[in-house]
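Peer 1: Contents of work.txt (compact mmCIF, C-alpha atoms) are below:
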# COMPACT_ATOMS: atom_id res chain seq x y z
CA MET U 290 178.42 0.66 70.01
CA ASP U 291 175.81 0.72 72.78
CA ASN U 292 173.22 2.30 70.51
CA GLN U 293 172.62 -1.02 68.79
CA SER U 294 169.83 -3.35 69.84
CA ASN U 295 172.21 -5.51 71.90
CA SER U 296 173.83 -3.63 74.77
CA PHE U 297 176.02 -6.63 75.69
CA SER U 298 175.08 -6.23 79.34
CA ASP U 299 174.81 -9.93 80.16
CA ALA U 300 177.83 -11.89 81.39
CA THR U 301 178.98 -13.02 77.95
CA GLY U 302 178.60 -9.53 76.56
CA ARG U 303 180.62 -8.03 79.38
CA TYR U 304 183.45 -10.53 78.84
CA ALA U 305 183.36 -9.91 75.08
CA LYS U 306 183.38 -6.13 75.61
CA SER U 307 186.30 -6.41 78.03
CA ILE U 308 188.53 -8.40 75.69
CA PHE U 309 187.52 -6.15 72.78
CA GLN U 310 188.40 -3.00 74.71
CA LEU U 311 191.70 -4.44 75.96
CA ALA U 312 192.66 -5.61 72.47
CA ASN U 313 191.75 -2.22 71.03
CA GLU U 314 193.77 -0.35 73.69
CA LYS U 315 196.80 -2.64 73.25
CA ASN U 316 196.57 -2.39 69.42
CA ILE U 317 196.20 -6.17 69.11
CA LEU U 318 192.62 -6.30 67.86
CA THR U 319 193.60 -8.07 64.63
CA GLU U 320 195.45 -10.77 66.57
CA VAL U 321 192.61 -11.29 69.03
CA GLU U 322 190.12 -11.42 66.15
CA LYS U 323 192.25 -14.13 64.54
CA ASN U 324 192.41 -16.05 67.85
CA PHE U 325 188.64 -15.89 68.28
CA SER U 326 188.23 -17.05 64.67
CA GLN U 327 190.45 -20.04 65.39
CA LEU U 328 188.32 -20.96 68.40
CA GLY U 329 185.15 -20.44 66.36
CA LEU U 330 186.44 -22.92 63.79
CA LEU U 331 187.22 -25.39 66.56
CA PHE U 332 183.63 -25.11 67.78
CA HIS U 333 182.37 -25.67 64.26
CA ASP U 334 184.71 -28.53 63.36
CA SER U 335 185.24 -30.42 66.60
CA ALA U 336 182.56 -31.98 68.76
CA ASP U 337 185.33 -32.87 71.22
CA PHE U 338 186.27 -29.21 71.62
CA LYS U 339 182.65 -28.26 72.24
CA LYS U 340 182.41 -30.99 74.90
CA PHE U 341 185.67 -29.76 76.45
CA VAL U 342 184.27 -26.24 76.78
CA THR U 343 180.84 -27.20 78.10
CA ASN U 344 181.70 -30.20 80.30
CA PRO U 345 181.30 -29.11 83.94
CA THR U 346 183.16 -32.14 85.26
CA ILE U 347 186.53 -31.04 83.87
CA GLN U 348 188.56 -29.56 86.71
CA LYS U 349 189.95 -26.03 86.28
CA HIS U 350 193.56 -27.21 86.50
CA GLU U 351 192.94 -29.84 83.80
CA ARG U 352 191.23 -27.29 81.57
CA LEU U 353 194.15 -24.91 82.17
CA LYS U 354 196.59 -27.51 80.81
CA ILE U 355 194.51 -27.88 77.66
CA ILE U 356 194.21 -24.09 77.27
CA GLU U 357 197.99 -23.77 77.50
CA PHE U 358 198.49 -26.60 74.98
CA LEU U 359 196.02 -25.07 72.50
CA SER U 360 197.47 -21.60 73.00
CA THR U 361 200.95 -22.82 72.15
CA LYS U 362 199.78 -24.95 69.22
CA LEU U 363 197.65 -22.16 67.74
CA ASN U 364 200.09 -19.37 68.66
CA PHE U 365 197.56 -17.30 70.62
CA ASN U 366 198.36 -13.77 71.74
CA LYS U 367 199.45 -13.66 75.41
CA PHE U 368 196.60 -11.31 76.39
CA PHE U 369 194.14 -13.66 74.72
CA VAL U 370 195.63 -16.62 76.62
CA ASN U 371 195.30 -14.67 79.87
CA PHE U 372 191.67 -13.96 78.99
CA LEU U 373 191.00 -17.69 78.47
CA LYS U 374 192.71 -18.45 81.77
CA LEU U 375 190.61 -15.80 83.51
CA ILE U 376 187.27 -17.15 82.30
CA ASN U 377 188.46 -20.63 83.27
CA GLU U 378 189.43 -19.46 86.76
CA LYS U 379 186.10 -17.65 87.19
CA GLY U 380 184.22 -20.82 86.19
CA ARG U 381 182.83 -19.16 83.07
CA PHE U 382 184.58 -21.20 80.40
CA PHE U 383 181.26 -22.74 79.33
CA PHE U 384 180.32 -19.23 78.08
CA LEU U 385 183.11 -19.29 75.48
CA GLU U 386 180.95 -19.93 72.41
CA ARG U 387 178.60 -17.06 73.29
CA ILE U 388 181.56 -14.80 74.14
CA ILE U 389 182.96 -15.47 70.65
CA LYS U 390 179.64 -14.57 69.05
CA ASP U 391 179.32 -11.39 71.14
CA PHE U 392 182.93 -10.41 70.39
CA PHE U 393 182.29 -10.60 66.64
CA SER U 394 179.06 -8.62 67.03
CA ILE U 395 180.94 -5.89 68.91
CA LEU U 396 183.69 -5.95 66.29
CA SER U 397 181.16 -5.59 63.47
CA ILE U 398 179.43 -2.72 65.21
CA SER U 399 182.78 -0.97 65.70
CA LYS U 400 183.41 -1.31 61.97
CA GLY U 401 179.98 0.14 61.16
CA GLU U 402 178.71 -3.19 59.87
CA ILE U 403 175.31 -4.70 60.44
CA VAL U 404 175.32 -8.34 61.47
CA ALA U 405 172.70 -10.51 59.83
CA ASP U 406 171.99 -14.23 59.99
CA LEU U 407 170.44 -16.01 57.05
CA ILE U 408 169.16 -19.50 57.70
CA ILE U 409 168.40 -21.38 54.51
CA ALA U 410 167.04 -24.84 53.74
CA ASN U 411 169.71 -25.85 51.23
CA GLU U 412 173.29 -24.92 50.39
CA ILE U 413 173.68 -22.12 47.84
CA SER U 414 176.64 -21.04 45.76
CA ASP U 415 179.17 -18.46 46.91
CA ASP U 416 178.08 -16.22 44.03
CA ARG U 417 174.49 -16.31 45.30
CA LYS U 418 175.67 -15.59 48.86
CA ASN U 419 177.57 -12.55 47.57
CA GLU U 420 174.49 -11.36 45.65
CA ILE U 421 172.34 -11.61 48.78
CA LYS U 422 174.96 -9.77 50.84
CA LYS U 423 175.17 -7.02 48.20
CA GLU U 424 171.36 -6.67 48.07
CA LEU U 425 171.13 -6.41 51.87
CA SER U 426 173.98 -3.87 51.95
CA GLN U 427 172.11 -1.73 49.42
CA LEU U 428 168.84 -2.11 51.31
CA TYR U 429 170.34 -1.12 54.69
CA LYS U 430 172.87 1.32 53.19
CA LYS U 431 175.64 -0.21 55.37
CA ASP U 432 178.14 -3.01 55.15
CA ILE U 433 176.53 -6.30 56.09
CA LYS U 434 178.33 -9.12 57.84
CA LEU U 435 176.16 -12.00 56.74
CA ASN U 436 176.32 -15.36 58.50
CA PHE U 437 174.83 -18.29 56.62
CA SER U 438 173.59 -21.52 58.14
CA ILE U 439 171.64 -24.50 56.85
CA ASP U 440 168.47 -25.84 58.49
CA GLU U 441 166.96 -28.60 56.37
CA THR U 442 163.80 -28.59 58.53
CA LEU U 443 162.79 -25.32 56.85
CA ILE U 444 161.88 -27.42 53.77
CA SER U 445 162.39 -24.37 51.53
CA GLY U 446 162.69 -20.62 51.91
CA SER U 447 164.71 -18.79 54.54
CA ILE U 448 164.79 -16.96 57.85
CA LEU U 449 166.62 -13.64 57.94
CA LYS U 450 167.61 -12.08 61.26
CA VAL U 451 168.93 -8.53 61.25
CA GLY U 452 169.38 -7.15 64.75
CA SER U 453 166.13 -7.72 66.61
CA LYS U 454 164.09 -8.13 63.41
CA MET U 455 163.30 -11.51 61.90
CA ILE U 456 161.72 -12.31 58.56
CA ASP U 457 160.56 -15.92 58.37
CA ASN U 458 159.82 -16.88 54.79
CA SER U 459 160.23 -20.62 55.23
CA ALA U 460 157.84 -23.29 54.04
CA ARG U 461 157.83 -24.74 57.57
CA SER U 462 156.58 -21.43 58.98
CA LYS U 463 153.91 -21.08 56.30
CA PHE U 464 152.78 -24.65 56.88
CA ASN U 465 152.54 -24.06 60.63
CA ARG U 466 150.43 -20.92 60.07
CA ILE U 467 148.04 -22.92 57.88
CA LEU U 468 147.77 -25.63 60.55
CA ASN U 469 147.09 -23.04 63.23
CA ASN U 470 144.21 -21.58 61.18
CA ILE U 471 142.48 -24.93 60.68
Is it possible to express this structure as structure tokens?
Peer 2:
Amino acid sequence: MDNQSNSFSDATGRYAKSIFQLANEKNILTEVEKNFSQLGLLFHDSADFKKFVTNPTIQKHERLKIIEFLSTKLNFNKFFVNFLKLINEKGRFFFLERIIKDFFSILSISKGEIVADLIIANEISDDRKNEIKKELSQLYKKDIKLNFSIDETLISGSILKVGSKMIDNSARSKFNRILNNI
């Protein structure tokens, strides 16, 4: 896993690696993956949750109550709950979103997948997303975990990030290059 471009040596990477290794050792990786997915959806769907995680004025004991409530409501694994409590106690709860991202990168690497991000200007169909994923899998000769996101400021085109490589084929980028050459 360390032979990839990201060694996960920063704080978020170390936390993600720790929970990954613990979950793997305890044979609860599937449960922890599900728990991280649930939190990822909360980040995506709830501005209030994002504020809760990043707000430095929330006291640790107040955040702990909310962690316990969410853990019960979402039926989190006890090791996962202890992990959330630990990062809260250490004052690192604001790292949670990055820890989630790093955890899924580590998980993908362990599965032999390549993680890629495709930023597009407009929504595309699921069939088209599957075609793109299949083409990238054939190109890289590995399974691709492809994350899609929309950025309307691209105007048209896309930005593809695979590991440390980025291919910017957006109209915005092309327009900026033209402006820089004037």
Peer 1: Please provide the set of residues having any atom within 12 Å of region 462-470 of chain U, restricted to all atoms listed in the file, with same-chain residues fewer than 6 positions apart removed, written as a PyMOL selection string.
Peer 2: chain U and resi 442-448+456
Peer 1: Skipping near chain neighbours, those fewer than 4 positions away, what residues fall within 8 Å of Ser394 (chain U) using all atoms listed in the file, listed as a list in words?
Peer 2: Lys390, Ile398 and Val404 of chain U
Peer 1: May I ask which of the residues U:Lys423, U:Lys379, U:Lys374, U:Lys430 is the closest one to Glu357 (chain U), counting only C-alpha atoms?
Peer 2: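 Ranking U:Lys423, U:Lys379, U:Lys374, U:Lys430 by distance to Glu357 (chain U), first place goes to U:Lys374.
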Peer 1: Suppose you want the space between CA of Arg417 (chain U) and CA of Tyr429 (chain U); what is it in Å?
Peer 2: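 Answer for the CA of Arg417 (chain U) to CA of Tyr429 (chain U) separation: 18.3 Å.
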Peer 1: Pick from U:Phe372, U:Phe382, U:Phe332, U:Phe365: nearest to Gln348 (chain U), with all atoms listed in the file counted?
Peer 2: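 Of all the options, U:Phe382 lies closest to Gln348 (chain U).
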Peer 1: Distance CA of Glu441 (chain U)-CA of Asn411 (chain U), one decimal place?
Peer 2: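 Pair CA of Glu441 (chain U) / CA of Asn411 (chain U) returns 6.4 Å.
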Peer 1: Mind pulling up the distance from CA of Ile388 (chain U) to CA of Thr301 (chain U)?
Peer 2: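 Interatomic distance, CA of Thr301 (chain U) to CA of Ile388 (chain U): 4.9 Å.
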Peer 1: Check the smallest atom-to-atom distance from each of U:Asp440, U:Glu351, U:Glu322, U:Glu412 to Arg461 (chain U) using all atoms listed in the file, then report the winner.
Peer 2: U:Asp440
Peer 1: Between U:Leu328, U:Ser438, U:Ala405, U:Phe368, which is the closest to Lys422 (chain U) once you count only C-alpha atoms?
Peer 2: U:Ala405
Peer 1: Which one is closest to Ser326 (chain U): U:Leu375, U:Ile389, U:Ile421, U:Val451? Count all atoms listed in the file.
Peer 2: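 Closest to Ser326 (chain U) of all the choices is U:Ile389.
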Peer 1: Looking at only C-alpha atoms, which of U:Asn366, U:Lys454, U:Ile403, U:Lys434 is the one that sits closest to Ile317 (chain U)?
Peer 2: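 When distances to Ile317 (chain U) are compared using only C-alpha atoms, the smallest one comes from U:Asn366.
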Peer 1: What lies within 8 Å of Gln327 (chain U) using only C-alpha atoms, ignoring chain neighbours under 4 positions off, as a list in words?
Peer 2: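 Result of the neighbour search: Lys323, Leu331 and Leu363 of chain U.
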Peer 1: Just add N, CA and C atoms to region 343-370 of chain U and send it as a JSON list (two decimals), keeping the file's coordinate frame.
Peer 2:
[["chain", "number", "residue", "atom", "x", "y", "z"],
["U", 343, "THR", "N", 182.11, -27.18, 77.37],
["U", 343, "THR", "CA", 180.84, -27.20, 78.10],
["U", 343, "THR", "C", 180.77, -28.24, 79.21],
["U", 344, "ASN", "N", 181.74, -29.13, 79.30],
["U", 344, "ASN", "CA", 181.70, -30.20, 80.30],
["U", 344, "ASN", "C", 182.03, -29.65, 81.70],
["U", 345, "PRO", "N", 181.05, -29.66, 82.60],
["U", 345, "PRO", "CA", 181.30, -29.11, 83.94],
["U", 345, "PRO", "C", 182.15, -30.00, 84.84],
["U", 346, "THR", "N", 182.40, -31.23, 84.42],
["U", 346, "THR", "CA", 183.16, -32.14, 85.26],
["U", 346, "THR", "C", 184.67, -32.00, 85.09],
["U", 347, "ILE", "N", 185.09, -31.26, 84.07],
["U", 347, "ILE", "CA", 186.53, -31.04, 83.87],
["U", 347, "ILE", "C", 187.01, -30.03, 84.91],
["U", 348, "GLN", "N", 188.01, -30.42, 85.67],
["U", 348, "GLN", "CA", 188.56, -29.56, 86.71],
["U", 348, "GLN", "C", 189.29, -28.37, 86.08],
["U", 349, "LYS", "N", 189.31, -27.25, 86.79],
["U", 349, "LYS", "CA", 189.95, -26.03, 86.28],
["U", 349, "LYS", "C", 191.42, -26.26, 85.93],
["U", 350, "HIS", "N", 192.14, -27.00, 86.77],
["U", 350, "HIS", "CA", 193.56, -27.21, 86.50],
["U", 350, "HIS", "C", 193.78, -28.09, 85.27],
["U", 351, "GLU", "N", 192.85, -29.02, 85.01],
["U", 351, "GLU", "CA", 192.94, -29.84, 83.80],
["U", 351, "GLU", "C", 192.63, -29.00, 82.55],
["U", 352, "ARG", "N", 191.60, -28.17, 82.68],
["U", 352, "ARG", "CA", 191.23, -27.29, 81.57],
["U", 352, "ARG", "C", 192.37, -26.31, 81.28],
["U", 353, "LEU", "N", 193.03, -25.84, 82.33],
["U", 353, "LEU", "CA", 194.15, -24.91, 82.17],
["U", 353, "LEU", "C", 195.27, -25.54, 81.35],
["U", 354, "LYS", "N", 195.56, -26.81, 81.58],
["U", 354, "LYS", "CA", 196.59, -27.51, 80.81],
["U", 354, "LYS", "C", 196.23, -27.55, 79.32],
["U", 355, "ILE", "N", 194.96, -27.81, 79.05],
["U", 355, "ILE", "CA", 194.51, -27.88, 77.66],
["U", 355, "ILE", "C", 194.53, -26.49, 77.02],
["U", 356, "ILE", "N", 194.15, -25.47, 77.77],
["U", 356, "ILE", "CA", 194.21, -24.09, 77.27],
["U", 356, "ILE", "C", 195.65, -23.74, 76.90],
["U", 357, "GLU", "N", 196.58, -24.07, 77.76],
["U", 357, "GLU", "CA", 197.99, -23.77, 77.50],
["U", 357, "GLU", "C", 198.50, -24.54, 76.28],
["U", 358, "PHE", "N", 198.09, -25.81, 76.14],
["U", 358, "PHE", "CA", 198.49, -26.60, 74.98],
["U", 358, "PHE", "C", 197.95, -25.98, 73.69],
["U", 359, "LEU", "N", 196.64, -25.68, 73.69],
["U", 359, "LEU", "CA", 196.02, -25.07, 72.50],
["U", 359, "LEU", "C", 196.64, -23.72, 72.17],
["U", 360, "SER", "N", 196.90, -22.93, 73.20],
["U", 360, "SER", "CA", 197.47, -21.60, 73.00],
["U", 360, "SER", "C", 198.84, -21.67, 72.34],
["U", 361, "THR", "N", 199.63, -22.65, 72.75],
["U", 361, "THR", "CA", 200.95, -22.82, 72.15],
["U", 361, "THR", "C", 200.81, -23.33, 70.72],
["U", 362, "LYS", "N", 199.96, -24.34, 70.55],
["U", 362, "LYS", "CA", 199.78, -24.95, 69.22],
["U", 362, "LYS", "C", 199.22, -23.96, 68.20],
["U", 363, "LEU", "N", 198.29, -23.11, 68.65],
["U", 363, "LEU", "CA", 197.65, -22.16, 67.74],
["U", 363, "LEU", "C", 198.28, -20.77, 67.78],
["U", 364, "ASN", "N", 199.34, -20.63, 68.58],
["U", 364, "ASN", "CA", 200.09, -19.37, 68.66],
["U", 364, "ASN", "C", 199.21, -18.18, 69.05],
["U", 365, "PHE", "N", 198.44, -18.36, 70.14],
["U", 365, "PHE", "CA", 197.56, -17.30, 70.62],
["U", 365, "PHE", "C", 198.37, -16.15, 71.20],
["U", 366, "ASN", "N", 197.80, -14.97, 71.11],
["U", 366, "ASN", "CA", 198.36, -13.77, 71.74],
["U", 366, "ASN", "C", 198.33, -13.96, 73.25],
["U", 367, "LYS", "N", 199.34, -13.44, 73.96],
["U", 367, "LYS", "CA", 199.45, -13.66, 75.41],
["U", 367, "LYS", "C", 198.28, -13.05, 76.17],
["U", 368, "PHE", "N", 197.76, -11.91, 75.73],
["U", 368, "PHE", "CA", 196.60, -11.31, 76.39],
["U", 368, "PHE", "C", 195.36, -12.18, 76.19],
["U", 369, "PHE", "N", 195.25, -12.77, 75.01],
["U", 369, "PHE", "CA", 194.14, -13.66, 74.72],
["U", 369, "PHE", "C", 194.22, -14.91, 75.60],
["U", 370, "VAL", "N", 195.43, -15.45, 75.75],
["U", 370, "VAL", "CA", 195.63, -16.62, 76.62],
["U", 370, "VAL", "C", 195.24, -16.27, 78.05]]
